[in-house]
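*Asks:* Here you go, data_19.pdb (PDB, C-alpha atoms):
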ATOM      1  CA  MET A   7      34.417  19.418  20.572
ATOM      2  CA  ARG A   8      32.801  22.824  21.054
ATOM      3  CA  LEU A   9      29.130  23.740  20.799
ATOM      4  CA  GLY A  10      27.921  27.090  19.490
ATOM      5  CA  ILE A  11      24.374  28.443  19.435
ATOM      6  CA  ASP A  12      23.121  31.521  17.577
ATOM      7  CA  ILE A  13      19.757  32.603  18.996
ATOM      8  CA  GLY A  14      18.014  34.733  16.372
ATOM      9  CA  GLY A  15      14.722  36.552  16.378
ATOM     10  CA  THR A  16      12.887  33.692  14.653
ATOM     11  CA  LYS A  17      15.428  30.872  14.182
ATOM     12  CA  THR A  18      18.153  29.367  16.330
ATOM     13  CA  ASP A  19      21.210  27.801  14.712
ATOM     14  CA  ALA A  20      23.370  25.333  16.674
ATOM     15  CA  VAL A  21      26.640  23.746  15.567
ATOM     16  CA  ALA A  22      29.264  21.353  16.845
ATOM     17  CA  VAL A  23      32.841  22.281  15.980
ATOM     18  CA  ASP A  24      35.839  19.963  16.139
ATOM     19  CA  GLU A  25      39.273  20.776  17.525
ATOM     20  CA  LEU A  26      40.398  22.209  14.165
ATOM     21  CA  GLY A  27      37.391  24.524  13.968
ATOM     22  CA  GLY A  28      35.571  22.393  11.400
ATOM     23  CA  LEU A  29      31.777  22.150  11.366
ATOM     24  CA  THR A  30      30.669  18.603  12.222
ATOM     25  CA  GLN A  31      26.966  18.910  13.068
ATOM     26  CA  ARG A  32      24.284  21.564  12.619
ATOM     27  CA  VAL A  33      20.645  21.895  13.636
ATOM     28  CA  ARG A  34      18.094  24.696  13.244
ATOM     29  CA  LEU A  35      14.966  25.242  15.275
ATOM     30  CA  ALA A  36      12.401  27.949  15.960
ATOM     31  CA  THR A  37      13.256  30.477  18.659
ATOM     32  CA  GLY A  38      10.798  30.852  21.517
ATOM     33  CA  PHE A  39       9.602  34.310  22.575
ATOM     34  CA  GLY A  40      10.112  35.575  26.109
ATOM     35  CA  HIS A  41      12.561  34.881  28.915
ATOM     36  CA  ALA A  42      11.592  31.289  29.702
ATOM     37  CA  ALA A  43      11.144  30.317  26.042
ATOM     38  CA  VAL A  44      14.584  31.648  25.073
ATOM     39  CA  VAL A  45      16.227  29.586  27.806
ATOM     40  CA  GLU A  46      14.248  26.526  26.719
ATOM     41  CA  THR A  47      15.287  27.073  23.099
ATOM     42  CA  ALA A  48      18.954  27.001  24.081
ATOM     43  CA  VAL A  49      18.496  23.884  26.226
ATOM     44  CA  THR A  50      16.714  22.141  23.345
ATOM     45  CA  ALA A  51      19.490  23.114  20.931
ATOM     46  CA  VAL A  52      22.098  21.575  23.248
ATOM     47  CA  ALA A  53      20.030  18.393  23.473
ATOM     48  CA  ARG A  54      19.613  18.161  19.682
ATOM     49  CA  ILE A  55      23.332  18.562  19.026
ATOM     50  CA  GLY A  56      23.992  16.116  21.856
ATOM     51  CA  GLU A  57      21.858  13.496  20.114
ATOM     52  CA  LEU A  58      23.855  13.910  16.904
ATOM     53  CA  THR A  59      27.279  13.850  18.547
ATOM     54  CA  GLY A  60      26.552  11.394  21.346
ATOM     55  CA  LEU A  61      27.774  13.928  23.898
ATOM     56  CA  SER A  62      26.115  15.279  27.003
ATOM     57  CA  ALA A  63      26.359  18.989  27.780
ATOM     58  CA  GLY A  64      29.342  18.262  30.000
ATOM     59  CA  GLY A  65      31.037  16.348  27.219
ATOM     60  CA  PHE A  66      31.695  19.471  25.144
ATOM     61  CA  THR A  67      34.916  21.381  25.642
ATOM     62  CA  SER A  68      32.876  24.577  25.787
ATOM     63  CA  ILE A  69      29.427  25.988  25.026
ATOM     64  CA  GLY A  70      28.950  29.480  23.634
ATOM     65  CA  ILE A  71      25.792  31.459  22.914
ATOM     66  CA  GLY A  72      25.343  34.384  20.540
ATOM     67  CA  ILE A  73      22.232  36.490  21.168
ATOM     68  CA  PRO A  74      20.957  39.951  20.175
ATOM     69  CA  GLY A  75      20.901  42.796  22.666
ATOM     70  CA  MET A  76      23.299  44.294  25.159
ATOM     71  CA  VAL A  77      25.391  41.439  26.502
ATOM     72  CA  ASP A  78      27.746  41.449  29.468
ATOM     73  CA  SER A  79      30.070  38.672  28.375
ATOM     74  CA  ALA A  80      31.658  38.448  31.822
ATOM     75  CA  SER A  81      28.401  37.793  33.692
ATOM     76  CA  GLY A  82      26.285  36.259  30.928
ATOM     77  CA  HIS A  83      23.549  38.852  31.418
ATOM     78  CA  VAL A  84      21.459  39.953  28.414
ATOM     79  CA  ALA A  85      19.438  43.178  28.223
ATOM     80  CA  HIS A  86      17.142  44.802  25.653
ATOM     81  CA  ALA A  87      16.850  41.844  23.287
ATOM     82  CA  VAL A  88      13.517  43.260  22.165
ATOM     83  CA  ASN A  89      12.982  40.931  19.184
ATOM     84  CA  LEU A  90      13.118  38.010  21.617
ATOM     85  CA  GLY A  91      10.823  39.565  24.208
ATOM     86  CA  VAL A  92      13.712  39.798  26.646
ATOM     87  CA  GLU A  93      14.290  42.911  28.750
ATOM     88  CA  ARG A  94      16.746  41.455  31.263
ATOM     89  CA  LEU A  95      17.886  37.847  31.514
ATOM     90  CA  ALA A  96      20.740  36.146  33.361
ATOM     91  CA  LEU A  97      21.088  33.722  30.459
ATOM     92  CA  GLY A  98      24.526  32.388  31.352
ATOM     93  CA  GLY A  99      23.526  31.603  34.934
ATOM     94  CA  GLU A 100      20.180  30.055  34.013
ATOM     95  CA  LEU A 101      21.734  27.793  31.383
ATOM     96  CA  ALA A 102      24.538  26.771  33.733
ATOM     97  CA  GLY A 103      21.877  25.736  36.222
ATOM     98  CA  ARG A 104      19.924  23.752  33.637
ATOM     99  CA  LEU A 105      22.896  22.150  31.885
ATOM    100  CA  GLY A 106      25.281  21.700  34.793
ATOM    101  CA  VAL A 107      28.161  23.337  32.911
ATOM    102  CA  GLY A 108      29.400  26.873  32.360
ATOM    103  CA  VAL A 109      28.163  28.751  29.304
ATOM    104  CA  ARG A 110      29.732  31.821  27.659
ATOM    105  CA  VAL A 111      27.310  34.430  26.263
ATOM    106  CA  GLU A 112      28.180  37.075  23.659
ATOM    107  CA  ASN A 113      26.349  39.548  21.445
ATOM    108  CA  ASP A 114      25.374  37.823  18.208
ATOM    109  CA  VAL A 115      27.115  40.280  15.881
ATOM    110  CA  LYS A 116      30.351  40.048  17.838
ATOM    111  CA  ALA A 117      30.111  36.258  17.741
ATOM    112  CA  ALA A 118      29.506  36.380  13.984
ATOM    113  CA  ALA A 119      32.568  38.589  13.597
ATOM    114  CA  LEU A 120      34.755  35.979  15.243
ATOM    115  CA  GLY A 121      33.177  33.264  13.110
ATOM    116  CA  ALA A 122      33.735  35.187   9.869
ATOM    117  CA  PHE A 123      37.360  35.893  10.793
ATOM    118  CA  HIS A 124      37.926  32.164  11.337
ATOM    119  CA  VAL A 125      35.987  30.934   8.283
ATOM    120  CA  LEU A 126      37.774  33.309   5.917
ATOM    121  CA  GLY A 127      41.177  32.521   7.400
ATOM    122  CA  LEU A 128      41.949  36.190   7.969
ATOM    123  CA  GLY A 129      44.739  37.798   9.939
ATOM    124  CA  GLY A 130      45.327  41.285  11.300
ATOM    125  CA  THR A 131      42.195  43.359  11.817
ATOM    126  CA  MET A 132      38.682  42.807  10.507
ATOM    127  CA  ALA A 133      35.277  44.427  10.905
ATOM    128  CA  TYR A 134      32.191  42.299  10.347
ATOM    129  CA  LEU A 135      29.443  44.644   9.137
ATOM    130  CA  ASN A 136      26.112  43.032   9.931
ATOM    131  CA  LEU A 137      23.263  44.268   7.745
ATOM    132  CA  GLY A 138      20.115  42.743   9.149
ATOM    133  CA  THR A 139      17.060  44.377  10.668
ATOM    134  CA  GLY A 140      19.560  46.924  11.978
ATOM    135  CA  MET A 141      23.209  47.730  11.355
ATOM    136  CA  ALA A 142      26.125  46.949  13.647
ATOM    137  CA  ALA A 143      29.725  45.820  13.393
ATOM    138  CA  GLY A 144      31.950  43.449  15.307
ATOM    139  CA  ILE A 145      35.680  44.107  15.364
ATOM    140  CA  VAL A 146      38.372  41.428  15.558
ATOM    141  CA  VAL A 147      42.025  42.216  16.231
ATOM    142  CA  ASP A 148      44.556  39.405  15.819
ATOM    143  CA  GLY A 149      41.874  36.774  16.283
ATOM    144  CA  ARG A 150      40.268  38.289  19.382
ATOM    145  CA  LEU A 151      37.159  40.411  19.759
ATOM    146  CA  TRP A 152      37.602  44.065  20.554
ATOM    147  CA  ARG A 153      34.595  45.113  22.633
ATOM    148  CA  GLY A 154      35.624  48.588  23.766
ATOM    149  CA  ALA A 155      35.313  50.078  27.239
ATOM    150  CA  SER A 156      31.654  49.144  27.700
ATOM    151  CA  GLY A 157      31.048  46.628  24.929
ATOM    152  CA  VAL A 158      29.599  49.196  22.528
ATOM    153  CA  ALA A 159      32.458  49.125  20.000
ATOM    154  CA  GLY A 160      31.069  48.703  16.486
ATOM    155  CA  GLU A 161      27.587  50.170  17.029
ATOM    156  CA  ILE A 162      28.041  52.346  13.973
ATOM    157  CA  GLY A 163      24.431  51.951  12.856
ATOM    158  CA  HIS A 164      23.600  54.691  15.340
ATOM    159  CA  LEU A 165      25.935  57.280  13.867
ATOM    160  CA  PRO A 166      23.690  60.136  12.643
ATOM    161  CA  VAL A 167      24.442  61.153   9.059
ATOM    162  CA  ASP A 168      21.331  63.228   8.298
ATOM    163  CA  PRO A 169      19.949  65.573  11.020
ATOM    164  CA  ALA A 170      16.705  65.858   9.049
ATOM    165  CA  GLY A 171      16.436  62.126   8.448
ATOM    166  CA  ALA A 172      14.037  59.527   9.791
ATOM    167  CA  LEU A 173      13.680  58.968  13.530
ATOM    168  CA  CYS A 174      15.783  55.978  14.577
ATOM    169  CA  ALA A 175      14.755  53.437  17.209
ATOM    170  CA  CYS A 176      17.644  54.717  19.325
ATOM    171  CA  GLY A 177      16.006  58.143  19.615
ATOM    172  CA  GLN A 178      18.324  60.005  17.250
ATOM    173  CA  ARG A 179      17.520  61.173  13.734
ATOM    174  CA  GLY A 180      19.095  60.143  10.472
ATOM    175  CA  CYS A 181      21.263  57.285  11.759
ATOM    176  CA  LEU A 182      23.038  55.081   9.215
ATOM    177  CA  GLU A 183      20.685  52.275  10.222
ATOM    178  CA  THR A 184      17.650  54.211   8.950
ATOM    179  CA  VAL A 185      18.841  53.894   5.336
ATOM    180  CA  ALA A 186      21.264  50.949   5.325
ATOM    181  CA  SER A 187      19.417  48.074   6.997
ATOM    182  CA  GLY A 188      16.488  45.741   6.503
ATOM    183  CA  SER A 189      14.218  47.941   8.608
ATOM    184  CA  GLY A 190      15.334  50.987   6.641
ATOM    185  CA  ILE A 191      14.372  49.320   3.374
ATOM    186  CA  ALA A 192      11.030  48.124   4.776
ATOM    187  CA  ARG A 193      10.185  51.653   5.908
ATOM    188  CA  GLN A 194      10.949  53.161   2.532
ATOM    189  CA  TRP A 195       9.699  50.404   0.211
ATOM    190  CA  ARG A 196       6.249  49.080   1.078
ATOM    191  CA  THR A 197       5.639  45.587  -0.247
ATOM    192  CA  ASP A 198       3.840  42.338   0.547
ATOM    193  CA  ASP A 199       7.046  40.423  -0.174
ATOM    194  CA  PRO A 200       8.372  38.904   3.064
ATOM    195  CA  LEU A 201      11.839  39.989   1.853
ATOM    196  CA  PRO A 202      11.499  43.724   1.079
ATOM    197  CA  ALA A 203      15.112  43.983  -0.105
ATOM    198  CA  ARG A 204      14.448  41.345  -2.757
ATOM    199  CA  ALA A 205      11.374  43.211  -3.960
ATOM    200  CA  LEU A 206      13.278  46.499  -3.953
ATOM    201  CA  PHE A 207      16.109  45.196  -6.119
ATOM    202  CA  ALA A 208      13.665  43.476  -8.485
ATOM    203  CA  ALA A 209      11.838  46.785  -9.003
ATOM    204  CA  ALA A 210      15.096  48.666  -9.428
ATOM    205  CA  ALA A 211      16.228  46.150 -12.057
ATOM    206  CA  VAL A 212      13.218  46.971 -14.256
ATOM    207  CA  GLY A 213      13.746  50.704 -13.952
ATOM    208  CA  ASP A 214      11.506  51.862 -11.080
ATOM    209  CA  ARG A 215      12.887  55.304 -10.186
ATOM    210  CA  GLU A 216      11.895  55.227  -6.530
ATOM    211  CA  ALA A 217      13.373  51.747  -6.075
ATOM    212  CA  ARG A 218      16.594  52.859  -7.702
ATOM    213  CA  ALA A 219      16.808  55.890  -5.401
ATOM    214  CA  ILE A 220      16.297  53.750  -2.295
ATOM    215  CA  ALA A 221      18.848  51.187  -3.520
ATOM    216  CA  ALA A 222      21.307  54.025  -4.145
ATOM    217  CA  ARG A 223      20.810  55.334  -0.588
ATOM    218  CA  LEU A 224      21.356  51.803   0.697
ATOM    219  CA  ALA A 225      24.668  51.485  -1.156
ATOM    220  CA  GLU A 226      25.776  54.938   0.006
ATOM    221  CA  GLY A 227      24.917  54.093   3.609
ATOM    222  CA  ILE A 228      26.866  50.817   3.508
ATOM    223  CA  ALA A 229      29.796  52.575   1.845
ATOM    224  CA  ALA A 230      29.674  55.224   4.582
ATOM    225  CA  ALA A 231      29.839  52.460   7.184
ATOM    226  CA  VAL A 232      32.886  50.974   5.469
ATOM    227  CA  ARG A 233      34.537  54.397   5.404
ATOM    228  CA  VAL A 234      33.837  54.937   9.116
ATOM    229  CA  LEU A 235      35.297  51.550  10.051
ATOM    230  CA  VAL A 236      38.468  52.145   8.050
ATOM    231  CA  LEU A 237      38.938  55.748   9.206
ATOM    232  CA  THR A 238      38.393  54.938  12.888
ATOM    233  CA  VAL A 239      39.943  51.483  13.262
ATOM    234  CA  ASP A 240      41.853  51.094   9.964
ATOM    235  CA  VAL A 241      40.776  47.481   9.609
ATOM    236  CA  ASP A 242      42.421  45.370   6.922
ATOM    237  CA  THR A 243      39.112  43.826   5.859
ATOM    238  CA  VAL A 244      35.409  44.681   6.097
ATOM    239  CA  VAL A 245      33.234  41.593   5.732
ATOM    240  CA  ILE A 246      29.558  42.223   4.964
ATOM    241  CA  GLY A 247      27.141  39.741   6.503
ATOM    242  CA  GLY A 248      23.582  39.568   7.780
ATOM    243  CA  GLY A 249      20.344  39.196   5.861
ATOM    244  CA  LEU A 250      21.111  41.850   3.244
ATOM    245  CA  SER A 251      24.346  40.079   2.307
ATOM    246  CA  HIS A 252      22.168  37.486   0.542
ATOM    247  CA  LEU A 253      21.711  40.084  -2.207
ATOM    248  CA  GLY A 254      25.229  39.017  -3.121
ATOM    249  CA  ASP A 255      27.250  40.566  -5.909
ATOM    250  CA  ARG A 256      24.432  42.960  -6.837
ATOM    251  CA  LEU A 257      24.852  44.688  -3.490
ATOM    252  CA  LEU A 258      28.633  44.411  -3.399
ATOM    253  CA  CYS A 259      28.983  45.950  -6.876
ATOM    254  CA  ASP A 260      26.805  48.908  -5.857
ATOM    255  CA  VAL A 261      28.910  49.491  -2.741
ATOM    256  CA  HIS A 262      32.143  49.217  -4.726
ATOM    257  CA  GLU A 263      30.796  51.724  -7.234
ATOM    258  CA  VAL A 264      30.128  54.274  -4.488
ATOM    259  CA  LEU A 265      33.529  53.738  -2.869
ATOM    260  CA  ASP A 266      35.317  53.992  -6.225
ATOM    261  CA  GLY A 267      33.388  57.168  -7.026
ATOM    262  CA  TRP A 268      34.579  58.760  -3.797
ATOM    263  CA  ALA A 269      38.130  57.692  -4.583
ATOM    264  CA  GLU A 270      37.976  59.496  -7.946
ATOM    265  CA  THR A 271      37.330  62.835  -6.226
ATOM    266  CA  SER A 272      39.453  62.325  -3.084
ATOM    267  CA  PRO A 273      43.134  61.391  -3.353
ATOM    268  CA  PHE A 274      43.036  60.720   0.389
ATOM    269  CA  LEU A 275      40.261  58.141   0.099
ATOM    270  CA  ALA A 276      41.901  56.712  -3.027
ATOM    271  CA  SER A 277      45.035  56.045  -0.989
ATOM    272  CA  LEU A 278      42.997  53.907   1.433
ATOM    273  CA  ALA A 279      41.796  51.484  -1.289
ATOM    274  CA  LEU A 280      38.441  51.128   0.447
ATOM    275  CA  SER A 281      36.734  48.981  -2.178
ATOM    276  CA  ARG A 282      39.549  46.417  -2.095
ATOM    277  CA  ARG A 283      39.016  45.885   1.630
ATOM    278  CA  VAL A 284      35.344  44.870   1.298
ATOM    279  CA  ARG A 285      34.057  41.340   0.767
ATOM    280  CA  LEU A 286      30.939  39.277   1.460
ATOM    281  CA  VAL A 287      30.617  36.523   4.020
ATOM    282  CA  PRO A 288      30.422  33.100   2.283
ATOM    283  CA  GLU A 289      26.805  32.335   1.422
ATOM    284  CA  GLY A 290      25.137  29.805   3.706
ATOM    285  CA  THR A 291      27.915  29.731   6.300
ATOM    286  CA  PRO A 292      26.595  29.868   9.896
ATOM    287  CA  VAL A 293      29.244  32.355  11.024
ATOM    288  CA  ALA A 294      27.306  33.469  14.124
ATOM    289  CA  ALA A 295      26.938  29.926  15.476
ATOM    290  CA  LEU A 296      30.543  29.088  14.569
ATOM    291  CA  GLY A 297      31.685  32.246  16.308
ATOM    292  CA  ALA A 298      29.616  31.371  19.365
ATOM    293  CA  ALA A 299      31.451  28.058  19.528
ATOM    294  CA  LEU A 300      34.764  29.936  19.462
ATOM    295  CA  VAL A 301      33.540  32.491  22.011
ATOM    296  CA  GLY A 302      32.770  29.624  24.358
ATOM    297  CA  GLY A 303      36.443  28.716  24.606
ATOM    298  CA  ALA A 304      39.770  30.440  24.960
ATOM    299  CA  ASP A 305      39.565  32.055  21.514
ATOM    300  CA  GLY A 306      36.811  34.414  22.669
TER     301      GLY A 306
END
Written as structure tokens, that's how I'd like the structure from this file.
*Replies:*
Amino acid sequence: MRLGIDIGGTKTDAVAVDELGGLTQRVRLATGFGHAAVVETAVTAVARIGELTGLSAGGFTSIGIGIPGMVDSASGHVAHAVNLGVERLALGGELAGRLGVGVRVENDVKAAALGAFHVLGLGGTMAYLNLGTGMAAGIVVDGRLWRGASGVAGEIGHLPVDPAGALCACGQRGCLETVASGSGIARQWRTDDPLPARALFAAAAVGDREARAIAARLAEGIAAAVRVLVLTVDVDTVVIGGGLSHLGDRLLCDVHEVLDGWAETSPFLASLALSRRVRLVPEGTPVAALGAALVGGADG
């Protein structure tokens, strides 16, 4: 049995996965803030799953962690996980010391990509487009993650598309992330709703012109991301996940409409059948934690 942990900015999701990849146990807990608290969160998650399965840390075939930030999967080092209050942390080494077993650490989006590939039973090539606070993609080729030369493969949220656009957190202007992400929506649509995207789509549904314009930019930005992933990697499937994926078919229909509109004016894009390659991650499926469990073993 494998154990996978997805350490998010506010919540941590932990799962136990059987030898066939099936989910057997799941727990959720609040994520601590700062180096020591993040380590303690992971240790607690292992203990909670251990109580449910009757296994000690050493009783699992493998343990994998998915976490935001720049991750060196070989060393288990994490850097710039700003939402967790982590600048640099030797997470793999610290957890190995606390648990007495080796732990594999991977970027959370890359882990989610592997989880989505497995859950959907896909083959060939897939890009998991994560639309959360930011935008990033994880790429899977024949069941294995493709990280690139330095692990930066899939960071398409920082492709500038508008030189006069908003300043991005990365220091560039007009990145895809500034219009097609949760933070991009929050910047453009001020609301007291804890879920700005929900408020945006509700306003757009009753005819608010500004809301409709922002929602249109969102769909165009996501469609642009799909186009980039197909034109650069030619993936068979683009799976949309992350917080914005909870908008469901409303969002997917808008993205399909943009892609189909491009196809009407470009025979080249029409030949790529972009809209047919796009689908949503299954609602409520903990793909990041499941992927972390897979990352922990030979499948990573």
*Asks:* Would you compute the distance between CA of Leu105 (chain A) and CA of Val49 (chain A)? Give it in Å to one decimal.
*Replies:* 7.4 Å
*Asks:* Which is closer to Thr238 (chain A) than all the others in A:Val264, A:Ala209, A:Ala159, A:Val301, using only C-alpha atoms?
*Replies:*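 Looking only at the distances to Thr238 (chain A), the closest residue turns out to be A:Ala159.
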*Asks:* I'd like the contact shell of region 288-299 of chain A - 9 Å cut-off, all atoms listed in the file, skipping same-chain residues fewer than 2 positions apart - returned as a ChimeraX atom specification.
*Replies:* /A:8-13,18-23,27-29,68-72,110-112,114-126,247,251-252,254,286,301-303,306
*Asks:* Got a sec to resolve the PyMOL selection byres ((chain A and resi 203) around 10) on this structure and send the residues as JSON, numbers by chain?
*Replies:* {"A": [187, 188, 189, 190, 191, 192, 195, 197, 199, 200, 201, 202, 204, 205, 206, 207, 208, 209, 217, 221, 249, 250, 252, 253]}
*Asks:* Looking at all atoms listed in the file, which of A:Gly227, A:Gly149, A:Gly40, A:Pro166 is the one that sits closest to Gly91 (chain A)?
*Replies:*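 Selected residue with least distance to Gly91 (chain A): A:Gly40.
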*Asks:* When you count all atoms listed in the file, which of these residues is closest to Leu97 (chain A): A:Ala48, A:Met132, A:Ile246, A:Ala143?
*Replies:*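 Smallest distance to Leu97 (chain A) is found for A:Ala48.
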*Asks:* Using the chain letters and numbers from the file, which residues does the PyMOL selection byres ((chain A and resi 83-89) around 12) grab, as an NGL selection string?
*Replies:* :A and (13-17 or 37-41 or 44-45 or 71-82 or 90-101 or 109-114 or 139-140 or 175-176)
*Asks:* Could you save the residues just selected, with C-alpha atoms, as a compact mmCIF listing (two decimals), in the frame of the given file?
*Replies:*
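This went into out-v8.txt:
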# COMPACT_ATOMS: atom_id res chain seq x y z
CA ILE A 13 19.76 32.60 19.00
CA GLY A 14 18.01 34.73 16.37
CA GLY A 15 14.72 36.55 16.38
CA THR A 16 12.89 33.69 14.65
CA LYS A 17 15.43 30.87 14.18
CA THR A 37 13.26 30.48 18.66
CA GLY A 38 10.80 30.85 21.52
CA PHE A 39 9.60 34.31 22.58
CA GLY A 40 10.11 35.58 26.11
CA HIS A 41 12.56 34.88 28.92
CA VAL A 44 14.58 31.65 25.07
CA VAL A 45 16.23 29.59 27.81
CA ILE A 71 25.79 31.46 22.91
CA GLY A 72 25.34 34.38 20.54
CA ILE A 73 22.23 36.49 21.17
CA PRO A 74 20.96 39.95 20.18
CA GLY A 75 20.90 42.80 22.67
CA MET A 76 23.30 44.29 25.16
CA VAL A 77 25.39 41.44 26.50
CA ASP A 78 27.75 41.45 29.47
CA SER A 79 30.07 38.67 28.38
CA ALA A 80 31.66 38.45 31.82
CA SER A 81 28.40 37.79 33.69
CA GLY A 82 26.28 36.26 30.93
CA LEU A 90 13.12 38.01 21.62
CA GLY A 91 10.82 39.56 24.21
CA VAL A 92 13.71 39.80 26.65
CA GLU A 93 14.29 42.91 28.75
CA ARG A 94 16.75 41.46 31.26
CA LEU A 95 17.89 37.85 31.51
CA ALA A 96 20.74 36.15 33.36
CA LEU A 97 21.09 33.72 30.46
CA GLY A 98 24.53 32.39 31.35
CA GLY A 99 23.53 31.60 34.93
CA GLU A 100 20.18 30.06 34.01
CA LEU A 101 21.73 27.79 31.38
CA VAL A 109 28.16 28.75 29.30
CA ARG A 110 29.73 31.82 27.66
CA VAL A 111 27.31 34.43 26.26
CA GLU A 112 28.18 37.08 23.66
CA ASN A 113 26.35 39.55 21.44
CA ASP A 114 25.37 37.82 18.21
CA THR A 139 17.06 44.38 10.67
CA GLY A 140 19.56 46.92 11.98
CA ALA A 175 14.76 53.44 17.21
CA CYS A 176 17.64 54.72 19.32
*Asks:* Find, counting all atoms listed in the file, the residue in A:Phe274, A:Trp152, A:Tyr134, A:Trp268 that gets nearest to Val245 (chain A).
*Replies:*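 Of A:Phe274, A:Trp152, A:Tyr134, A:Trp268, the one nearest Val245 (chain A) is A:Tyr134, counting all atoms listed in the file.
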*Asks:* Could you please determine the separation between CA of Leu258 (chain A) and CA of Val146 (chain A) in Å, to one decimal place?
*Replies:* 21.5 Å
*Asks:* Please, what distance in Å, to one decimal, runs between CA of Leu165 (chain A) and CA of Asp148 (chain A)?
*Replies:*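 CA of Leu165 (chain A) sits 25.9 Å away from CA of Asp148 (chain A).
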*Asks:* May I ask which of the residues A:Leu182, A:Leu35, A:Ala63, A:Ile145 is the closest one to Gly108 (chain A), counting only C-alpha atoms?
*Replies:*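 Of all the options, A:Ala63 lies closest to Gly108 (chain A).
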